[in-house]
Structure formats: structure tokens, C-alpha cells
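Here is the structure we will look at, set down as C-alpha cells.
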Amino acid sequence: MRTKLIIILVLIVITPLAIVGWLGARIVQDEQVVLEHQLRELMRGQLRAVDSVLGRSLERYGQAVLDEMRPFSVDSEELRRRSRLSPYVVQFYVLDEQGQLLFPPVGTTDDVTASERESLRRTSQIWDGGVLAGAGQAAEGSGGVAASTGWHVWYWGDGIQMMLWAHDGEQTHAAEINRARLLADLIAELPETDMLAPELAEGRIRLADSAGRVLYQWGSFEAGDDAQPVAALAVGAPLGAWSLQYHAPANVFGSAVTGGFLLNLAAALAVLGAAVAGLSYYFYREQSREMHEAAQRVSFVNQVSHELKTPLTNIRMYAELLEKDLDQPDERLQRHLGVIVSESQRLSRLIGNVLTFSRKQRETLEVRRTPGVVDDVLRSVLDHFGPALEAKQIEVRFEPGAGDSVSLDADAVEQIVGNLISNVEKYGAEGKRMEIASRRHGDTIEITVADRGPGLPPRERQRIFEPFYRVSNTLTEGVGGTGMGLAISRDLARLHGGDLELLASQQGARFRLTLECPPVEQLL
Amino acid sequence: MKVLIAEDDRNIRAGLEEILSDEGYETVVAQDGTQALELYRRESPDFVCLDIMMPGVNGYQVCREIRRADPGVPIIFISAKSEEVDKVLGLELGADDFILKPFGVREVLARIRAVTRRCIARDRPEANQQSLPREPFRMDDLEILPAELRARRGDQIIDLSLRDVKILQLLHRASGQVVDRDTMFDQCWGLSHVANSRTLDQHISQLRKRIELDPKQPRIIKTVHGAGYRYEVA
């Protein structure tokens, strides 16, 4: 019992701690996810800011190139001169309305310089595919604005090449961008070390080209060449093949989320654990004290019950002897003695029930079989109750049929049948009749005790066998009883391999007691 | 038939002595275990009634000693200790029966008679029981079964005490003749009892209630005024 109690108390302490700990861990996890998400958003925001810087820089670059393209010219010498002088453009190109290359002049080897030949080779996929042929048509279709411009990007050599085109209504003019100058101009716009957000000060931003090569990087964190970015963003068109990457230390999320939160959680768990443990200890001490007091009470009742037996024996024995000694029947004296005898018997049954219940509580109740005749036991019990039943004018009909000696606990059977007859005396007296019959079926003895009193409603049939339960109606009002008799009687019957049941009956209460009583030979 | 009663409570001891004497037993009483062993050795009783909780030597120890001397003598334990373990211990020590306090006269009588039947069945030659004829005999419509301490009339079974059987045997042997009070007292109560006609008359009156169909018009035990009692064969 004590071990069970300790286990329960330990569970009481551990369970809330486990639940709170689990909830805390879930909160930490959720917090981690939220913070990680927020941090990633911050990183992406940082990268978007950088991207917009790049976008603006590219726009300015494009404007500078357009300025060099204007006024639009188809004159080869003029275009060659512009190419030589321009820091932004490597080569100018001009296409007619059909997309045919007007400059550099194709097909006439004398007019094309070596540099132009190289340029044409570099851009052949554009001209062969007629990629820019549709640019002028599209511009005309959409309103025919002379200054319609656009970027064209293609791959050549070790990366992307860029071309800015503009349509003047007749021809398409294109300028191949000086990559080195463009990159230098872009980088010049980017910060050297500082981050926009202070939370990202520990990181590093990289601008990488289409092959993943780092074009430029800044920030305090030293990331390896093959390090994976925490966040990445493709640079806006036309540099969509480039990417912006944010690199940070591996614990950038962990250290941001846990720390103080876990410390607080641990402190809260410790306080909760201490409080629950304290409460549990208090309840354990209270429970132990109550159990100790209950054990003392049981022990006291047990002791008192035993101590009552000797004086009770004397009262009962001498009353019976006195009754026997009356040679001249004196009705009044007989009646008085009858009361003493029957009340002492009642007290005996009560003490017997208290002690049996006490043994049941201490789990020491058992049956002890010896050879005996069931009908003799029944006769003996009826004999005890004779005067009491007679006083209440209850006619007894006994039909013995249990046969010869069997293996049984006569005291247990006497106690069970005594309780049943006592109930008839208390509750069924108005029926004026009690029937007791015994039968034997193989190793089973069946005893029925029936009265013709008011009986019991069906809903009470099981409850009457519960300890201390008493039927709450006029039947029990003014009638004494502890509510233990039927409970311990059923326990004893079951220990004896049988049962005690209340049968359905049209009138009165009808109990059936079954007992497993093997022949005496099996006992030996 | 001699019975040793060992019980430390004075009143219970006296009550048991009275019940057993009334039944026709010769009694010797001890108030503790040591005295019980002493009396057992001196008196050689036919059976023993032992209280368990006695000062000094307790009932279990007395039982063990008696069993060592005579494994066959019937022993009945009388106790307030109803715990199963007590019963088991008592029965394992060789007790024949248990009478649990609080007990009534009828219960004591039933258990004593059961043990007496076993004693008669064993017919111990060394014991104090006077030769009690065991053969059944008839008196009017009543069949007396001495070995069972019972009488039978048709389907009706009547329990008899040892003394009842002795009285009926005495009257049956002297069928038709008057048995005077002194003879009956000597033969059925024993010399140790002081002759008391009131005791005798009371006993006969109680016996008639149980064995006669009409106790006021007795057919088995008839009173011969101023002389004694007689059984007349029809």
C-alpha cells in the first residue's frame, strides 16, 4: 500500500513536470521556427535592398549607354569611333527592320575590322537566331515609340554577356556592354563592410555569377568558398543569372532562439517541481497519518471485539443456563431471558461480522474446511433463531436435502445463513413465514432462504451486497444494522467456491446461497 | 466419561463445568496450562476442552504435550481468537474441534456430543468411560441409539446427552421395575454428586419434553410417587 502510494505521488510530481517540460520544448521549437522565419525574412529583405541598389546602378549604366548611342547613327565610321571612345560599350550594332545586320558590315571582309569580326563571332547566336529582329516590330506594335529599349542577355565564354538595344522606328541599335566596367560600376555602389540591419552584422553577403563564382562580398563573417548560403536571392533582370547570397555562422538561428528562454523555462520547471513535490509530500504525510489512524482504529475495533467476546460468552451462556433451569415456566421470566439470549446472539453476530470484515480488509479472510453436515449447521442456526423468530410469529419451514457429511467451513456457513435469517427477522417479519431448503447437485450445495415480506425492488438487487449499503426506504427506518452482513456473506460464499444471490421473486426476498462442498474423501 | 476443562476465566470455567456435568460428564477443571497438564496426567480424562490464551503455559503448548502422551485423546479448543491462522495452528496441532467465543449452550452441547460420539466409536479401554452399551434398544415407539447419542421416532431424530442415554439405559434394563432416586443418582450422576431430588426431577422433566409425545401423559418415563421412576413395557 505504501509503495503504491509512493509511486502515485512520484507520478503526481513527474507528470506535471513532464507536461510543462514538453509544452516548453514545443514552445521553444515553435519560437525557433518563428524566429528563424523572421531572420530569413530579414536576410531576404537585406538581399532585396542590395538587389535594388544593383537595379538602380544598372539603370544608370543603361542610361549612360543610351546616351552614347544617341543620336542614333548608321554610319560605320561614327559607330567605330564611339566604340573606341566608350568606356561602357565594347561594340555597337545596327539592324534593319528585317533584322538584318547593317553594322558591322557583314560579308564584305574589307569593311570589317578584326575586333568587329571577333564581336560578330561572339554575338553570332543572336543574329543567326534573329533574336533582336522582333524587338523593333514589338516596339512598333506597342505604340512605335522611338526610344523603346531593352536588355538582351546571352551566354558566351565564361559567363553572361549583355546587350542594350533601342529602336528608333526604322533600325534597331544595340550596344554590347563592357562587362568589366559594368561590374566595377555595380560594385562601386555596394557597401564595403556594413550591413543594413544590425541583426545581420555577423553575416556576409556575396554576389555570385551564373557559375557560382564570387564577384564581390562584404561583411564580417568569413565564409568558406563552398559554404552554403543561409538565404539567397536571384538578382533582378537582366542579371537574373547572378545571385545574392547571405552567409552566416552555423548557430545563427540556435543562438538567437534559445539562450534566456531555456533558462527561464528551466527555472520555471524547477519552481513548479519544488511546489508539486512539496504538495505531494504534504499529502503523503497526511495520507500516511490517516492510514496509520485508520489502522489504529481497525486494530482498536478488532481488539475491542475480541475483548467483548468473553463477557458476552458469559452473558449468553448463563442466560441460556438460567432459561434451561426454569422448571416451572414463568412466562414473564422466560420472555426476559429470551431477550437477553437473543440480544446476546445478535451481539455475537455483529462482532462476528465486524471481525470478518476486518479480516477481509486485511486480506486475511479465508475458509477452513472440515467435515460437516450442512443440514446440521442449518438446524443449529435455526435453533439459535428459534426464540426470536417465534417472538415475531414467523413460521419456519425447513426442507433439508443436502445429504451426508461434506467438506465445508461450518462457521462460515453459519455466519452466512445467520445473516440471512437475521434479515428475515428484521425486514421480512410481516410475511410471517420463512422457508429454508437445502439441495445438493454434485459437489455444489444450494441453500435457499425465502420470506414473504415486502421484498426488494430490482434496482437494489446488486447494491445490497455493497459494504455499508442499506436500502433507504421504510424498510430500514428504525431497524438497526451495519450494512455489512450481506457484503461479507457474499465474500464468504465466493471464498467457499460459490455465490450469494438475490433471486427474482413475486413476493418477499429470496436468497440463493451456493457452496462448493466436495465429498469428505477429497479433503483427506 | 471424564472431561478436563482448562479455562482461565472463572465464570466461563464454572459455566462449562455446569453444562458438562448436566450432560452427564465427570469434570475436572484447571485455571491455567500448568494445572491442566498436571490434571491430565493425574486424571486421564476422556477428552479435553482447552482455552488457548491462558497465563503461563498456553493452550497450544498444553495440546502439544497431551498429543505427545496420547495422540488419540480428543481435544476441543475454546477461544476468542477467530483468526484463520489460529484455527489452522490449532487443527494442525491435532485439535479435534474449535468452539469460538462467544458461544451458547447449544453450540457447546452439539460439539461436545459430536466428540463424545467419536469417543464411543473409539471405545478407549484405558479411559474413564464406564462401559456404555452401544447396542440400540427400543422403549415404546422410541428407538435409542447410544453410540450416536440420539433417539429416533419415525423420521424424527432427537439428540440425547450422555446422561439421558444412561437414564434410559437404566430404566430399560429395569423394565417394569421401579428405579429409585438414589440408584438413579448414583448410576447416572456419579458418587461425586450430592443427591438432589430436585436436580433429578428437573432433568427427567426436561428429558420427557424431548422424548415423550405428551410429556404430561408420559409413556416412557413414568413417575412412581414416593419411590422413583419406571419404564413399563406395553
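Note on naming: chains are A, B, ... as they come in the C-alpha cells, residues start from 1 per chain, ligands start from 1 in the order shown.
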
(Q) Using DSSP assignments from the backbone, pull out every residue in region 150-239 of chain A that falls under strand (DSSP E or B) and give it to me as a PyMOL selection string. (A) chain A and resi 150-156+159-167+172-177+204-208+214-219+231-234

Q.
Taking the DSSP secondary structure from the backbone, can you list the residues of region 92-197 of chain B that are helix (DSSP H, G or I), as a PyMOL selection string?
A. chain B and resi 92+105-122+146-148+162-173+181-189+197

Save out the residues we just selected, N, CA and C atoms, as a short mmCIF file (atom, residue, chain, number, x, y, z; two decimals), in the first residue's frame.
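Contents of out.cif, freshly written:
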```
data_model
loop_
_atom_site.label_atom_id
_atom_site.label_comp_id
_atom_site.auth_asym_id
_atom_site.auth_seq_id
_atom_site.Cartn_x
_atom_site.Cartn_y
_atom_site.Cartn_z
N GLU B 92 -3.77 -28.05 13.20
CA GLU B 92 -2.52 -28.73 12.85
C GLU B 92 -1.86 -29.37 14.07
N VAL B 105 -24.96 -22.34 24.88
CA VAL B 105 -25.01 -23.68 25.48
C VAL B 105 -25.24 -24.72 24.39
N ARG B 106 -26.15 -24.41 23.46
CA ARG B 106 -26.48 -25.40 22.43
C ARG B 106 -25.27 -25.74 21.57
N GLU B 107 -24.49 -24.73 21.26
CA GLU B 107 -23.32 -24.97 20.41
C GLU B 107 -22.31 -25.85 21.14
N VAL B 108 -22.11 -25.54 22.43
CA VAL B 108 -21.17 -26.35 23.22
C VAL B 108 -21.66 -27.79 23.25
N LEU B 109 -22.96 -27.93 23.51
CA LEU B 109 -23.51 -29.29 23.62
C LEU B 109 -23.35 -30.05 22.30
N ALA B 110 -23.63 -29.35 21.19
CA ALA B 110 -23.55 -30.02 19.89
C ALA B 110 -22.13 -30.49 19.63
N ARG B 111 -21.16 -29.65 19.95
CA ARG B 111 -19.77 -30.02 19.67
C ARG B 111 -19.27 -31.10 20.63
N ILE B 112 -19.68 -30.97 21.90
CA ILE B 112 -19.27 -31.97 22.89
C ILE B 112 -19.87 -33.34 22.53
N ARG B 113 -21.14 -33.32 22.12
CA ARG B 113 -21.78 -34.59 21.76
C ARG B 113 -21.11 -35.22 20.54
N ALA B 114 -20.73 -34.37 19.60
CA ALA B 114 -20.06 -34.91 18.41
C ALA B 114 -18.75 -35.59 18.80
N VAL B 115 -18.02 -34.96 19.71
CA VAL B 115 -16.75 -35.55 20.15
C VAL B 115 -17.02 -36.82 20.96
N THR B 116 -18.08 -36.77 21.78
CA THR B 116 -18.42 -37.96 22.58
C THR B 116 -18.74 -39.15 21.68
N ARG B 117 -19.46 -38.89 20.59
CA ARG B 117 -19.76 -39.98 19.66
C ARG B 117 -18.48 -40.60 19.12
N ARG B 118 -17.52 -39.75 18.84
CA ARG B 118 -16.25 -40.28 18.34
C ARG B 118 -15.54 -41.08 19.42
N CYS B 119 -15.67 -40.60 20.68
CA CYS B 119 -15.05 -41.32 21.80
C CYS B 119 -15.67 -42.71 21.94
N ILE B 120 -17.01 -42.74 21.84
CA ILE B 120 -17.69 -44.03 21.99
C ILE B 120 -17.28 -44.95 20.84
N ALA B 121 -17.16 -44.35 19.65
CA ALA B 121 -16.77 -45.15 18.50
C ALA B 121 -15.37 -45.72 18.70
N ARG B 122 -14.51 -44.92 19.32
CA ARG B 122 -13.12 -45.39 19.53
C ARG B 122 -13.07 -46.41 20.67
N PRO B 146 -27.46 -45.46 21.47
CA PRO B 146 -26.47 -44.94 22.41
C PRO B 146 -25.17 -44.48 21.75
N ALA B 147 -24.72 -45.22 20.76
CA ALA B 147 -23.45 -44.86 20.13
C ALA B 147 -23.52 -43.52 19.42
N GLU B 148 -24.73 -43.12 19.05
CA GLU B 148 -24.89 -41.84 18.35
C GLU B 148 -25.38 -40.72 19.26
N LEU B 162 -25.26 -37.63 27.25
CA LEU B 162 -24.71 -38.86 27.80
C LEU B 162 -25.56 -39.32 28.98
N ARG B 163 -25.97 -38.32 29.79
CA ARG B 163 -26.78 -38.66 30.96
C ARG B 163 -28.15 -39.18 30.55
N ASP B 164 -28.73 -38.59 29.52
CA ASP B 164 -30.04 -39.05 29.03
C ASP B 164 -29.96 -40.53 28.66
N VAL B 165 -28.89 -40.84 27.93
CA VAL B 165 -28.73 -42.24 27.49
C VAL B 165 -28.59 -43.17 28.70
N LYS B 166 -27.82 -42.71 29.70
CA LYS B 166 -27.62 -43.54 30.90
C LYS B 166 -28.94 -43.77 31.62
N ILE B 167 -29.75 -42.72 31.74
CA ILE B 167 -31.05 -42.84 32.42
C ILE B 167 -31.94 -43.82 31.68
N LEU B 168 -31.98 -43.65 30.34
CA LEU B 168 -32.86 -44.52 29.55
C LEU B 168 -32.38 -45.96 29.58
N GLN B 169 -31.04 -46.13 29.56
CA GLN B 169 -30.50 -47.50 29.64
C GLN B 169 -30.86 -48.15 30.98
N LEU B 170 -30.74 -47.34 32.03
CA LEU B 170 -31.05 -47.85 33.37
C LEU B 170 -32.51 -48.27 33.47
N LEU B 171 -33.39 -47.41 32.98
CA LEU B 171 -34.83 -47.71 33.03
C LEU B 171 -35.16 -48.91 32.14
N HIS B 172 -34.49 -49.00 31.00
CA HIS B 172 -34.75 -50.09 30.06
C HIS B 172 -34.31 -51.43 30.64
N ARG B 173 -33.14 -51.39 31.31
CA ARG B 173 -32.65 -52.62 31.93
C ARG B 173 -33.60 -53.12 33.01
N ARG B 181 -34.71 -43.08 43.30
CA ARG B 181 -33.94 -41.87 43.01
C ARG B 181 -32.46 -42.03 43.33
N ASP B 182 -32.17 -42.67 44.48
CA ASP B 182 -30.76 -42.81 44.87
C ASP B 182 -29.98 -43.63 43.85
N THR B 183 -30.61 -44.74 43.42
CA THR B 183 -29.93 -45.60 42.44
C THR B 183 -29.68 -44.80 41.15
N MET B 184 -30.72 -44.13 40.74
CA MET B 184 -30.58 -43.36 39.51
C MET B 184 -29.50 -42.28 39.65
N PHE B 185 -29.47 -41.64 40.81
CA PHE B 185 -28.48 -40.60 41.03
C PHE B 185 -27.07 -41.17 41.03
N ASP B 186 -26.94 -42.33 41.75
CA ASP B 186 -25.62 -42.97 41.81
C ASP B 186 -25.14 -43.37 40.42
N GLN B 187 -26.06 -44.00 39.67
CA GLN B 187 -25.66 -44.58 38.38
C GLN B 187 -25.48 -43.51 37.30
N CYS B 188 -26.29 -42.49 37.39
CA CYS B 188 -26.27 -41.53 36.27
C CYS B 188 -25.57 -40.21 36.60
N TRP B 189 -25.45 -39.88 37.82
CA TRP B 189 -24.75 -38.65 38.19
C TRP B 189 -23.36 -38.94 38.78
N SER B 197 -32.89 -34.41 44.81
CA SER B 197 -34.07 -34.90 44.08
C SER B 197 -34.59 -33.84 43.12
#
```

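Within the 9 Å cut-off around Ala14 (chain B), using only C-alpha atoms and omitting residues fewer than 5 positions from it on the same chain, the listed residues are B:Asp9, B:Ile19, B:Val29.
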
Please identify every residue of chain B that has at least one atom no farther than 7 Å from an atom of chain A, counting only C-alpha atoms, and for each give the shortest atom pair and the distance in Å to one decimal, arranged by chain then increasing number, as JSON lines.
```
{"residue": "B:Asn11", "atom": "CA", "partner": "A:Asn314", "partner_atom": "CA", "distance": 6.6}
{"residue": "B:Ile12", "atom": "CA", "partner": "A:Asn314", "partner_atom": "CA", "distance": 6.0}
{"residue": "B:Gly15", "atom": "CA", "partner": "A:Tyr318", "partner_atom": "CA", "distance": 6.9}
{"residue": "B:Ala80", "atom": "CA", "partner": "A:His306", "partner_atom": "CA", "distance": 6.1}
{"residue": "B:Glu84", "atom": "CA", "partner": "A:Glu366", "partner_atom": "CA", "distance": 6.8}
{"residue": "B:Lys101", "atom": "CA", "partner": "A:Lys309", "partner_atom": "CA", "distance": 5.6}
{"residue": "B:Pro102", "atom": "CA", "partner": "A:Thr313", "partner_atom": "CA", "distance": 4.2}
{"residue": "B:Phe103", "atom": "CA", "partner": "A:Thr313", "partner_atom": "CA", "distance": 5.7}
{"residue": "B:Gly104", "atom": "CA", "partner": "A:Met317", "partner_atom": "CA", "distance": 5.2}
{"residue": "B:Val105", "atom": "CA", "partner": "A:Met317", "partner_atom": "CA", "distance": 5.7}
{"residue": "B:Gln202", "atom": "CA", "partner": "A:Asp327", "partner_atom": "CA", "distance": 6.2}
```

Excluding region 413-416 of chain A and any residue of its chain fewer than 4 positions from it, enumerate the residues within 7 Å of it, using only C-alpha atoms, and give them as a PDB file with all heavy atoms, in the first residue's frame.
```pdb
ATOM      1  N   VAL A 377     -25.753 -27.886  10.333  1.00  0.00           N
ATOM      2  CA  VAL A 377     -25.404 -26.473  10.531  1.00  0.00           C
ATOM      3  C   VAL A 377     -26.671 -25.624  10.447  1.00  0.00           C
ATOM      4  O   VAL A 377     -26.902 -24.732  11.281  1.00  0.00           O
ATOM      5  CB  VAL A 377     -24.368 -26.008   9.474  1.00  0.00           C
ATOM      6  CG1 VAL A 377     -24.075 -24.513   9.634  1.00  0.00           C
ATOM      7  CG2 VAL A 377     -23.076 -26.793   9.606  1.00  0.00           C
ATOM      8  N   VAL A 381     -28.370 -23.211  13.339  1.00  0.00           N
ATOM      9  CA  VAL A 381     -28.666 -21.779  13.185  1.00  0.00           C
ATOM     10  C   VAL A 381     -30.145 -21.520  13.479  1.00  0.00           C
ATOM     11  O   VAL A 381     -30.503 -20.575  14.188  1.00  0.00           O
ATOM     12  CB  VAL A 381     -28.316 -21.288  11.753  1.00  0.00           C
ATOM     13  CG1 VAL A 381     -28.556 -19.782  11.647  1.00  0.00           C
ATOM     14  CG2 VAL A 381     -26.875 -21.591  11.413  1.00  0.00           C
ATOM     15  N   ASP A 409     -16.698 -25.143   5.578  1.00  0.00           N
ATOM     16  CA  ASP A 409     -16.359 -24.321   6.730  1.00  0.00           C
ATOM     17  C   ASP A 409     -17.681 -24.017   7.443  1.00  0.00           C
ATOM     18  O   ASP A 409     -18.432 -23.125   7.049  1.00  0.00           O
ATOM     19  CB  ASP A 409     -15.674 -23.026   6.282  1.00  0.00           C
ATOM     20  CG  ASP A 409     -15.212 -22.181   7.472  1.00  0.00           C
ATOM     21  OD1 ASP A 409     -15.852 -22.277   8.542  1.00  0.00           O
ATOM     22  OD2 ASP A 409     -14.232 -21.434   7.340  1.00  0.00           O
ATOM     23  N   LEU A 420     -28.625 -14.093   6.829  1.00  0.00           N
ATOM     24  CA  LEU A 420     -29.844 -14.127   6.004  1.00  0.00           C
ATOM     25  C   LEU A 420     -31.090 -14.228   6.890  1.00  0.00           C
ATOM     26  O   LEU A 420     -32.079 -13.516   6.674  1.00  0.00           O
ATOM     27  CB  LEU A 420     -29.795 -15.314   5.031  1.00  0.00           C
ATOM     28  CG  LEU A 420     -28.701 -15.242   3.945  1.00  0.00           C
ATOM     29  CD1 LEU A 420     -28.702 -16.503   3.091  1.00  0.00           C
ATOM     30  CD2 LEU A 420     -28.904 -14.015   3.062  1.00  0.00           C
ATOM     31  N   SER A 489     -21.212 -11.850   3.702  1.00  0.00           N
ATOM     32  CA  SER A 489     -21.789 -13.160   3.395  1.00  0.00           C
ATOM     33  C   SER A 489     -21.445 -13.558   1.964  1.00  0.00           C
ATOM     34  O   SER A 489     -21.078 -14.699   1.692  1.00  0.00           O
ATOM     35  CB  SER A 489     -23.309 -13.125   3.558  1.00  0.00           C
ATOM     36  OG  SER A 489     -23.629 -12.909   4.903  1.00  0.00           O
TER      37      SER A 489
END
```

Q: Give me, please, the distance in Å between CA of Thr113 (chain A) and CA of Gln161 (chain A), quoted to one decimal.
A: 20.7 Å

Q) Pick the closest to Asp180 (chain B) from B:Lys216, B:Thr199, B:Thr223, B:Ser161: which is it, counting only C-alpha atoms? A) B:Thr223

Q. By how many Å are CA of Val417 (chain A) and CA of Arg440 (chain A) apart?
A. 16.4 Å

Q | Atom pair CA of Ile78 (chain B) / CA of Ile99 (chain B): separation (Å) | A | 4.8 Å

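Within 7 Å of Asp51 (chain B), once only C-alpha atoms are used and residues closer than 6 positions along the same chain are dropped, the contacting residues are Ala6, Glu7, Gly59, Phe77, Ile78 and Ser79 of chain B.
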